[in-house]
Amino acid sequence: MVQVYSNTENQVTSSLKNKNNFKIFFMNKRISYLGLISCILLFTSCYNNKQDISQPTASSIDEISFVHDVVPIVTSGSCGCHNNGGTSVVQFSHLDTVFYSVISARSTIFGNMANGTGVHPGGGGVAFTPSQAAIISEWVAQGAKDDYAAPAVTGSITYTTNIVPIYQSVCKGGSCHGGLGPVLDYAILVSEKSVLSTMMASAGASGHPGGTISLDQSTTSTFLAWIAQGMKQ
């Protein structure tokens with residue numbers, strides 16, 4: 001089909017309009033393509049977070065933080081029964097209190113689970129992910145050190161709410177209280193106030209009738225606050 005123009009002026013004007021429209025269309029397309037390419041390059045160059053893509057290995061980890069690396073693992077969902085639970089399993093934490101002494105005492109178990117030479121003592125097919133295993137293995141290799149600084153104890157501290165969970169996690173066991181050692185209750189602890197004060201002030205280095213023990217800062221801070229507040233039940 002041939003397009004007929006009424007005169008030369010209209011033909012030239014129409015041609016110019018078509019050319020201009022084509023140029024504008026082409027320029028808009030070119031801008032769109034350039035914008036798309038720029039966005040791709042921008043996201044490609046900016047996304048350089050390989051930590052969440054590849055699993056860390058022991059050789060790539062410099063210094064393991066108990067607080068920032070280990071605690072999130074042992075208080076995660078897979079370890080849920082060890083946190084804020086009953087007395088059937090060893091408690092790793094209670095509310096905002098982390099029991100480093102309990103966790104570090106089991107560092108060998110954690111290490112064996114991480115390197116595949118041991119299994120979860122409670123069964124159930126519980127296992128670390130590859131990244132968790134790398135972190136735990138290196139933490140154990142570095143001496144299972146603690147960098148946890150317990151926050152200042154505030155508010156009302158009572159035997160039932162705060163002391164019992166610590167006693168059940170830190171003090172009870174086959175070779176400790178409730179096993180070879182005597183069972184402790186509220187009345188006994190109150191009667192042994194001076195012994196408790198010495199133990200907590202020295203983090204277990206002195207005062208404990210059964211010999212030297214190691215108590216973490218969360219435990220000692222809570223007990224000392226409880227004693228200072230009158231050992232409320």
# chains A, B, ... in the order shown; residues from 1 in each chain; ligands from 1

$ select_by_dssp --residues "region 30-227 of chain A" --states "strand (DSSP E)" --output "PDB file with N, CA and C atoms, in the first residue's frame"
ATOM      1  N   SER A  93      20.453 -22.757  79.228  1.00  0.00           N
ATOM      2  CA  SER A  93      20.084 -21.389  79.573  1.00  0.00           C
ATOM      3  C   SER A  93      18.710 -21.379  80.216  1.00  0.00           C
ATOM      4  N   HIS A  94      18.428 -20.288  80.896  1.00  0.00           N
ATOM      5  CA  HIS A  94      17.113 -20.092  81.485  1.00  0.00           C
ATOM      6  C   HIS A  94      16.805 -18.602  81.424  1.00  0.00           C
ATOM      7  N   THR A  97      19.617 -15.941  81.130  1.00  0.00           N
ATOM      8  CA  THR A  97      20.847 -16.407  81.772  1.00  0.00           C
ATOM      9  C   THR A  97      21.422 -17.585  81.002  1.00  0.00           C
ATOM     10  N   VAL A  98      22.656 -17.445  80.543  1.00  0.00           N
ATOM     11  CA  VAL A  98      23.349 -18.505  79.819  1.00  0.00           C
ATOM     12  C   VAL A  98      24.320 -19.191  80.766  1.00  0.00           C
TER      13      VAL A  98
END

$ residues_around --residues "Ala133 (chain A)" --least-positions-apart "2" --cutoff "10 Å" --atoms "only C-alpha atoms" --output "list in words"
Pro56, Thr57, Ala58, Ile73, Phe110, Gly111, Asn112, Met113, Ala114, Asn115, Gly116, Ala127, Phe128, Thr129, Pro130, Ser131, Ile135, Ile136, Ser137, Glu138 and Trp139 of chain A

$ residues_around --residues "Asn162 (chain A)" --least-positions-apart "4" --cutoff "10 Å" --atoms "only C-alpha atoms" --output "number ranges by chain"
A: 94-95, 97, 156-158, 166-167, 219, 222-223, 226, 233

$ residues_around --residues "Gly125 (chain A)" --least-positions-apart "3" --cutoff "12 Å" --atoms "only C-alpha atoms" --output "list in words"
Ser78, Cys79, Met113, Gly118, Val119, His120, Pro121, Gly122 and Phe128 of chain A

$ write_last_selection --atoms "N, CA and C atoms" --output "PDB file, in the first residue's frame"
ATOM      1  N   SER A  78      16.939 -26.491  67.428  1.00  0.00           N
ATOM      2  CA  SER A  78      17.317 -27.904  67.529  1.00  0.00           C
ATOM      3  C   SER A  78      17.771 -28.285  68.934  1.00  0.00           C
ATOM      4  N   CYS A  79      18.183 -27.296  69.724  1.00  0.00           N
ATOM      5  CA  CYS A  79      18.582 -27.533  71.118  1.00  0.00           C
ATOM      6  C   CYS A  79      17.515 -27.007  72.082  1.00  0.00           C
ATOM      7  N   MET A 113      30.492 -34.658  68.543  1.00  0.00           N
ATOM      8  CA  MET A 113      29.326 -34.578  67.671  1.00  0.00           C
ATOM      9  C   MET A 113      29.673 -33.819  66.393  1.00  0.00           C
ATOM     10  N   GLY A 118      31.103 -38.821  67.642  1.00  0.00           N
ATOM     11  CA  GLY A 118      30.146 -39.006  68.731  1.00  0.00           C
ATOM     12  C   GLY A 118      28.760 -38.596  68.288  1.00  0.00           C
ATOM     13  N   VAL A 119      27.760 -38.994  69.067  1.00  0.00           N
ATOM     14  CA  VAL A 119      26.375 -38.668  68.749  1.00  0.00           C
ATOM     15  C   VAL A 119      25.739 -37.947  69.927  1.00  0.00           C
ATOM     16  N   HIS A 120      24.574 -37.412  69.701  1.00  0.00           N
ATOM     17  CA  HIS A 120      23.826 -36.724  70.745  1.00  0.00           C
ATOM     18  C   HIS A 120      23.510 -37.703  71.880  1.00  0.00           C
ATOM     19  N   PRO A 121      23.915 -37.378  73.111  1.00  0.00           N
ATOM     20  CA  PRO A 121      23.713 -38.315  74.232  1.00  0.00           C
ATOM     21  C   PRO A 121      22.260 -38.714  74.438  1.00  0.00           C
ATOM     22  N   GLY A 122      21.353 -37.821  74.099  1.00  0.00           N
ATOM     23  CA  GLY A 122      19.937 -38.117  74.304  1.00  0.00           C
ATOM     24  C   GLY A 122      19.271 -38.803  73.140  1.00  0.00           C
ATOM     25  N   PHE A 128      24.618 -31.403  64.251  1.00  0.00           N
ATOM     26  CA  PHE A 128      24.948 -30.055  63.820  1.00  0.00           C
ATOM     27  C   PHE A 128      24.914 -29.978  62.296  1.00  0.00           C
TER      28      PHE A 128
END

$ closest_residue --among "A:Asp185, A:Gln91, A:Val67, A:Met200" --to "Ile103 (chain A)" --atoms "only C-alpha atoms"
A:Gln91

$ residues_around --residues "Gly80 (chain A)" --least-positions-apart "2" --cutoff "12 Å" --atoms "only C-alpha atoms" --output "ChimeraX atom specification"
/A:72-78,82-86,89-94,126

$ write_last_selection --atoms "all heavy atoms" --output "CSV table (one decimal), in the first residue's frame"
chain,number,residue,atom,x,y,z
A,72,PRO,N,24.2,-18.9,70.0
A,72,PRO,CA,23.1,-19.0,69.0
A,72,PRO,C,22.9,-20.5,68.6
A,72,PRO,O,21.7,-20.8,68.3
A,72,PRO,CB,23.5,-18.2,67.9
A,72,PRO,CG,24.4,-17.1,68.4
A,72,PRO,CD,25.2,-17.9,69.5
A,73,ILE,N,23.9,-21.3,68.6
A,73,ILE,CA,23.8,-22.7,68.2
A,73,ILE,C,23.1,-23.5,69.3
A,73,ILE,O,22.2,-24.2,69.1
A,73,ILE,CB,25.1,-23.3,67.8
A,73,ILE,CG1,25.7,-22.6,66.6
A,73,ILE,CG2,25.0,-24.8,67.6
A,73,ILE,CD1,27.1,-23.1,66.2
A,74,VAL,N,23.7,-23.4,70.5
A,74,VAL,CA,23.2,-24.2,71.6
A,74,VAL,C,21.8,-23.7,72.2
A,74,VAL,O,21.2,-24.4,73.0
A,74,VAL,CB,24.2,-24.3,72.8
A,74,VAL,CG1,25.5,-25.0,72.2
A,74,VAL,CG2,24.5,-23.0,73.4
A,75,THR,N,21.4,-22.6,71.8
A,75,THR,CA,20.1,-22.1,72.2
A,75,THR,C,19.1,-22.0,71.0
A,75,THR,O,18.0,-21.4,71.1
A,75,THR,CB,20.1,-20.7,72.8
A,75,THR,OG1,20.7,-19.7,71.9
A,75,THR,CG2,21.0,-20.7,74.1
A,76,SER,N,19.5,-22.7,69.9
A,76,SER,CA,18.6,-22.7,68.7
A,76,SER,C,17.5,-23.7,68.9
A,76,SER,O,17.4,-24.4,69.8
A,76,SER,CB,19.4,-23.0,67.5
A,76,SER,OG,20.0,-24.3,67.6
A,77,GLY,N,16.6,-23.7,67.9
A,77,GLY,CA,15.5,-24.6,67.9
A,77,GLY,C,15.8,-26.1,68.1
A,77,GLY,O,15.2,-26.8,68.8
A,78,SER,N,16.9,-26.5,67.4
A,78,SER,CA,17.3,-27.9,67.5
A,78,SER,C,17.8,-28.3,68.9
A,78,SER,O,17.8,-29.5,69.3
A,78,SER,CB,18.4,-28.2,66.5
A,78,SER,OG,19.6,-27.4,66.8
A,82,HIS,N,16.9,-28.0,75.8
A,82,HIS,CA,17.9,-27.6,76.8
A,82,HIS,C,17.8,-26.2,77.3
A,82,HIS,O,18.7,-25.7,78.0
A,82,HIS,CB,19.3,-27.8,76.2
A,82,HIS,CG,19.7,-29.2,75.9
A,82,HIS,ND1,20.1,-30.1,76.9
A,82,HIS,CD2,19.7,-30.0,74.8
A,82,HIS,CE1,20.4,-31.3,76.4
A,82,HIS,NE2,20.1,-31.2,75.1
A,83,ASN,N,16.7,-25.5,76.9
A,83,ASN,CA,16.6,-24.1,77.2
A,83,ASN,C,15.2,-23.8,77.7
A,83,ASN,O,14.2,-24.1,77.0
A,83,ASN,CB,16.9,-23.2,76.0
A,83,ASN,CG,18.3,-23.4,75.5
A,83,ASN,OD1,19.3,-22.9,76.0
A,83,ASN,ND2,18.4,-24.3,74.4
A,84,ASN,N,15.1,-23.3,78.9
A,84,ASN,CA,13.8,-22.9,79.5
A,84,ASN,C,12.9,-24.1,79.7
A,84,ASN,O,11.6,-23.9,79.6
A,84,ASN,CB,13.1,-21.8,78.7
A,84,ASN,CG,13.9,-20.5,78.8
A,84,ASN,OD1,14.6,-20.2,79.8
A,84,ASN,ND2,13.9,-19.7,77.7
A,85,GLY,N,13.4,-25.3,79.8
A,85,GLY,CA,12.6,-26.4,79.9
A,85,GLY,C,12.5,-27.0,81.3
A,85,GLY,O,12.7,-26.3,82.3
A,86,GLY,N,12.1,-28.2,81.4
A,86,GLY,CA,12.0,-28.9,82.7
A,86,GLY,C,13.3,-29.4,83.2
A,86,GLY,O,14.4,-28.8,82.9
A,89,VAL,N,16.3,-32.7,81.2
A,89,VAL,CA,17.6,-32.6,80.4
A,89,VAL,C,18.4,-31.5,81.0
A,89,VAL,O,17.9,-30.6,81.8
A,89,VAL,CB,17.3,-32.3,79.0
A,89,VAL,CG1,16.6,-33.5,78.3
A,89,VAL,CG2,16.5,-31.0,78.8
A,90,VAL,N,19.7,-31.5,80.7
A,90,VAL,CA,20.6,-30.4,81.2
A,90,VAL,C,20.2,-29.1,80.5
A,90,VAL,O,20.0,-29.1,79.3
A,90,VAL,CB,22.1,-30.8,80.9
A,90,VAL,CG1,23.0,-29.6,81.2
A,90,VAL,CG2,22.5,-32.1,81.6
A,91,GLN,N,20.1,-28.1,81.3
A,91,GLN,CA,19.7,-26.8,80.8
A,91,GLN,C,20.9,-25.9,80.4
A,91,GLN,O,21.8,-25.8,81.2
A,91,GLN,CB,18.9,-26.0,81.8
A,91,GLN,CG,17.5,-26.7,82.1
A,91,GLN,CD,16.6,-26.6,81.0
A,91,GLN,OE1,16.1,-25.5,80.6
A,91,GLN,NE2,16.3,-27.8,80.4
A,92,PHE,N,20.9,-25.4,79.2
A,92,PHE,CA,22.0,-24.5,78.7
A,92,PHE,C,21.7,-23.1,79.1
A,92,PHE,O,22.6,-22.3,79.2
A,92,PHE,CB,22.2,-24.7,77.2
A,92,PHE,CG,22.6,-26.0,76.8
A,92,PHE,CD1,22.4,-26.5,75.5
A,92,PHE,CD2,23.3,-26.9,77.7
A,92,PHE,CE1,22.8,-27.8,75.1
A,92,PHE,CE2,23.7,-28.2,77.3
A,92,PHE,CZ,23.4,-28.6,76.0
A,93,SER,N,20.5,-22.8,79.2
A,93,SER,CA,20.1,-21.4,79.6
A,93,SER,C,18.7,-21.4,80.2
A,93,SER,O,17.9,-22.3,80.1
A,93,SER,CB,20.1,-20.5,78.3
A,93,SER,OG,19.0,-20.8,77.5
A,94,HIS,N,18.4,-20.3,80.9
A,94,HIS,CA,17.1,-20.1,81.5
A,94,HIS,C,16.8,-18.6,81.4
A,94,HIS,O,17.6,-17.8,82.0
A,94,HIS,CB,17.1,-20.6,82.9
A,94,HIS,CG,15.7,-20.3,83.6
A,94,HIS,ND1,14.6,-21.1,83.3
A,94,HIS,CD2,15.3,-19.4,84.5
A,94,HIS,CE1,13.6,-20.7,84.0
A,94,HIS,NE2,14.0,-19.7,84.8
A,126,VAL,N,19.8,-35.9,66.7
A,126,VAL,CA,20.2,-34.5,66.7
A,126,VAL,C,21.6,-34.4,66.2
A,126,VAL,O,22.5,-35.1,66.7
A,126,VAL,CB,20.0,-33.9,68.1
A,126,VAL,CG1,20.5,-32.4,68.1
A,126,VAL,CG2,18.6,-34.0,68.6

$ closest_residue --among "A:Ala149, A:Ala201, A:Met231, A:Ile109" --to "Ile188 (chain A)" --atoms "only C-alpha atoms"
A:Met231

$ residues_around --residues "Pro182 (chain A)" --least-positions-apart "6" --cutoff "12 Å" --atoms "only C-alpha atoms" --output "JSON, numbers by chain"
{"A": [171, 172, 173, 174, 175, 176, 188, 189, 209, 210]}

$ atom_distance --atom1 "CA of Phe99 (chain A)" --atom2 "CA of Cys81 (chain A)"
14.5 Å

$ decode --residues "region 48-150 of chain A" --atoms "C-alpha atoms" --output "PDB file, in the first residue's frame"
ATOM      1  CA  ASN A  48      29.584  -9.899  47.591  1.00  0.00           C
ATOM      2  CA  ASN A  49      28.409 -11.604  50.772  1.00  0.00           C
ATOM      3  CA  LYS A  50      29.836 -15.055  50.309  1.00  0.00           C
ATOM      4  CA  GLN A  51      29.520 -15.982  53.966  1.00  0.00           C
ATOM      5  CA  ASP A  52      25.884 -16.987  53.621  1.00  0.00           C
ATOM      6  CA  ILE A  53      26.576 -18.889  50.421  1.00  0.00           C
ATOM      7  CA  SER A  54      29.508 -21.075  51.376  1.00  0.00           C
ATOM      8  CA  GLN A  55      29.883 -23.068  54.561  1.00  0.00           C
ATOM      9  CA  PRO A  56      32.704 -21.857  56.830  1.00  0.00           C
ATOM     10  CA  THR A  57      35.528 -24.218  57.563  1.00  0.00           C
ATOM     11  CA  ALA A  58      37.781 -24.412  60.585  1.00  0.00           C
ATOM     12  CA  SER A  59      40.691 -22.934  58.610  1.00  0.00           C
ATOM     13  CA  SER A  60      38.602 -19.893  57.627  1.00  0.00           C
ATOM     14  CA  ILE A  61      37.576 -19.049  61.185  1.00  0.00           C
ATOM     15  CA  ASP A  62      40.021 -16.892  63.153  1.00  0.00           C
ATOM     16  CA  GLU A  63      38.554 -16.512  66.633  1.00  0.00           C
ATOM     17  CA  ILE A  64      35.331 -18.090  67.820  1.00  0.00           C
ATOM     18  CA  SER A  65      33.137 -16.034  70.111  1.00  0.00           C
ATOM     19  CA  PHE A  66      31.196 -18.010  72.685  1.00  0.00           C
ATOM     20  CA  VAL A  67      28.558 -15.268  72.823  1.00  0.00           C
ATOM     21  CA  HIS A  68      28.124 -14.529  69.130  1.00  0.00           C
ATOM     22  CA  ASP A  69      28.938 -17.906  67.565  1.00  0.00           C
ATOM     23  CA  VAL A  70      28.318 -20.721  70.060  1.00  0.00           C
ATOM     24  CA  VAL A  71      25.366 -19.467  72.117  1.00  0.00           C
ATOM     25  CA  PRO A  72      23.098 -19.036  69.041  1.00  0.00           C
ATOM     26  CA  ILE A  73      23.766 -22.688  68.201  1.00  0.00           C
ATOM     27  CA  VAL A  74      23.165 -24.216  71.635  1.00  0.00           C
ATOM     28  CA  THR A  75      20.052 -22.077  72.197  1.00  0.00           C
ATOM     29  CA  SER A  76      18.603 -22.660  68.726  1.00  0.00           C
ATOM     30  CA  GLY A  77      15.484 -24.608  67.914  1.00  0.00           C
ATOM     31  CA  SER A  78      17.317 -27.904  67.529  1.00  0.00           C
ATOM     32  CA  CYS A  79      18.582 -27.533  71.118  1.00  0.00           C
ATOM     33  CA  GLY A  80      15.258 -26.200  72.366  1.00  0.00           C
ATOM     34  CA  CYS A  81      14.771 -28.870  75.032  1.00  0.00           C
ATOM     35  CA  HIS A  82      17.937 -27.614  76.773  1.00  0.00           C
ATOM     36  CA  ASN A  83      16.590 -24.089  77.213  1.00  0.00           C
ATOM     37  CA  ASN A  84      13.822 -22.889  79.538  1.00  0.00           C
ATOM     38  CA  GLY A  85      12.579 -26.442  79.875  1.00  0.00           C
ATOM     39  CA  GLY A  86      11.975 -28.865  82.695  1.00  0.00           C
ATOM     40  CA  THR A  87      14.433 -30.912  84.688  1.00  0.00           C
ATOM     41  CA  SER A  88      14.626 -33.964  82.420  1.00  0.00           C
ATOM     42  CA  VAL A  89      17.589 -32.614  80.447  1.00  0.00           C
ATOM     43  CA  VAL A  90      20.586 -30.431  81.182  1.00  0.00           C
ATOM     44  CA  GLN A  91      19.690 -26.773  80.798  1.00  0.00           C
ATOM     45  CA  PHE A  92      22.002 -24.550  78.738  1.00  0.00           C
ATOM     46  CA  SER A  93      20.084 -21.389  79.573  1.00  0.00           C
ATOM     47  CA  HIS A  94      17.113 -20.092  81.485  1.00  0.00           C
ATOM     48  CA  LEU A  95      15.378 -16.866  80.504  1.00  0.00           C
ATOM     49  CA  ASP A  96      18.260 -14.449  79.749  1.00  0.00           C
ATOM     50  CA  THR A  97      20.847 -16.407  81.772  1.00  0.00           C
ATOM     51  CA  VAL A  98      23.349 -18.505  79.819  1.00  0.00           C
ATOM     52  CA  PHE A  99      25.089 -21.275  81.761  1.00  0.00           C
ATOM     53  CA  TYR A 100      28.601 -21.183  80.343  1.00  0.00           C
ATOM     54  CA  SER A 101      29.907 -23.614  82.968  1.00  0.00           C
ATOM     55  CA  VAL A 102      27.297 -26.184  81.898  1.00  0.00           C
ATOM     56  CA  ILE A 103      27.996 -25.732  78.186  1.00  0.00           C
ATOM     57  CA  SER A 104      31.793 -25.669  78.460  1.00  0.00           C
ATOM     58  CA  ALA A 105      31.738 -28.796  80.668  1.00  0.00           C
ATOM     59  CA  ARG A 106      30.235 -30.603  77.687  1.00  0.00           C
ATOM     60  CA  SER A 107      32.643 -29.214  75.100  1.00  0.00           C
ATOM     61  CA  THR A 108      34.116 -32.677  74.488  1.00  0.00           C
ATOM     62  CA  ILE A 109      30.664 -34.051  73.698  1.00  0.00           C
ATOM     63  CA  PHE A 110      30.017 -31.118  71.364  1.00  0.00           C
ATOM     64  CA  GLY A 111      33.386 -31.615  69.689  1.00  0.00           C
ATOM     65  CA  ASN A 112      32.766 -35.301  69.095  1.00  0.00           C
ATOM     66  CA  MET A 113      29.326 -34.578  67.671  1.00  0.00           C
ATOM     67  CA  ALA A 114      30.837 -31.933  65.405  1.00  0.00           C
ATOM     68  CA  ASN A 115      33.603 -34.134  63.985  1.00  0.00           C
ATOM     69  CA  GLY A 116      31.419 -37.204  63.626  1.00  0.00           C
ATOM     70  CA  THR A 117      33.039 -39.374  66.307  1.00  0.00           C
ATOM     71  CA  GLY A 118      30.146 -39.006  68.731  1.00  0.00           C
ATOM     72  CA  VAL A 119      26.375 -38.668  68.749  1.00  0.00           C
ATOM     73  CA  HIS A 120      23.826 -36.724  70.745  1.00  0.00           C
ATOM     74  CA  PRO A 121      23.713 -38.315  74.232  1.00  0.00           C
ATOM     75  CA  GLY A 122      19.937 -38.117  74.304  1.00  0.00           C
ATOM     76  CA  GLY A 123      19.452 -39.798  70.950  1.00  0.00           C
ATOM     77  CA  GLY A 124      16.827 -38.473  68.608  1.00  0.00           C
ATOM     78  CA  GLY A 125      19.128 -38.000  65.630  1.00  0.00           C
ATOM     79  CA  VAL A 126      20.162 -34.486  66.673  1.00  0.00           C
ATOM     80  CA  ALA A 127      23.174 -33.279  64.692  1.00  0.00           C
ATOM     81  CA  PHE A 128      24.948 -30.055  63.820  1.00  0.00           C
ATOM     82  CA  THR A 129      24.743 -28.544  60.348  1.00  0.00           C
ATOM     83  CA  PRO A 130      28.082 -28.340  58.467  1.00  0.00           C
ATOM     84  CA  SER A 131      28.516 -24.662  59.390  1.00  0.00           C
ATOM     85  CA  GLN A 132      27.600 -25.293  63.033  1.00  0.00           C
ATOM     86  CA  ALA A 133      30.002 -28.236  63.187  1.00  0.00           C
ATOM     87  CA  ALA A 134      32.845 -26.070  61.842  1.00  0.00           C
ATOM     88  CA  ILE A 135      32.194 -23.408  64.466  1.00  0.00           C
ATOM     89  CA  ILE A 136      31.868 -25.865  67.361  1.00  0.00           C
ATOM     90  CA  SER A 137      34.977 -27.810  66.310  1.00  0.00           C
ATOM     91  CA  GLU A 138      37.078 -24.662  66.163  1.00  0.00           C
ATOM     92  CA  TRP A 139      35.665 -23.352  69.469  1.00  0.00           C
ATOM     93  CA  VAL A 140      36.675 -26.596  71.175  1.00  0.00           C
ATOM     94  CA  ALA A 141      40.096 -26.522  69.473  1.00  0.00           C
ATOM     95  CA  GLN A 142      40.610 -22.969  70.753  1.00  0.00           C
ATOM     96  CA  GLY A 143      39.978 -24.106  74.317  1.00  0.00           C
ATOM     97  CA  ALA A 144      36.200 -23.593  74.558  1.00  0.00           C
ATOM     98  CA  LYS A 145      36.831 -20.096  75.864  1.00  0.00           C
ATOM     99  CA  ASP A 146      34.194 -17.761  77.246  1.00  0.00           C
ATOM    100  CA  ASP A 147      33.789 -14.120  76.248  1.00  0.00           C
ATOM    101  CA  TYR A 148      30.412 -13.756  77.931  1.00  0.00           C
ATOM    102  CA  ALA A 149      29.974 -10.796  80.250  1.00  0.00           C
ATOM    103  CA  ALA A 150      26.802 -11.276  82.244  1.00  0.00           C
TER     104      ALA A 150
END
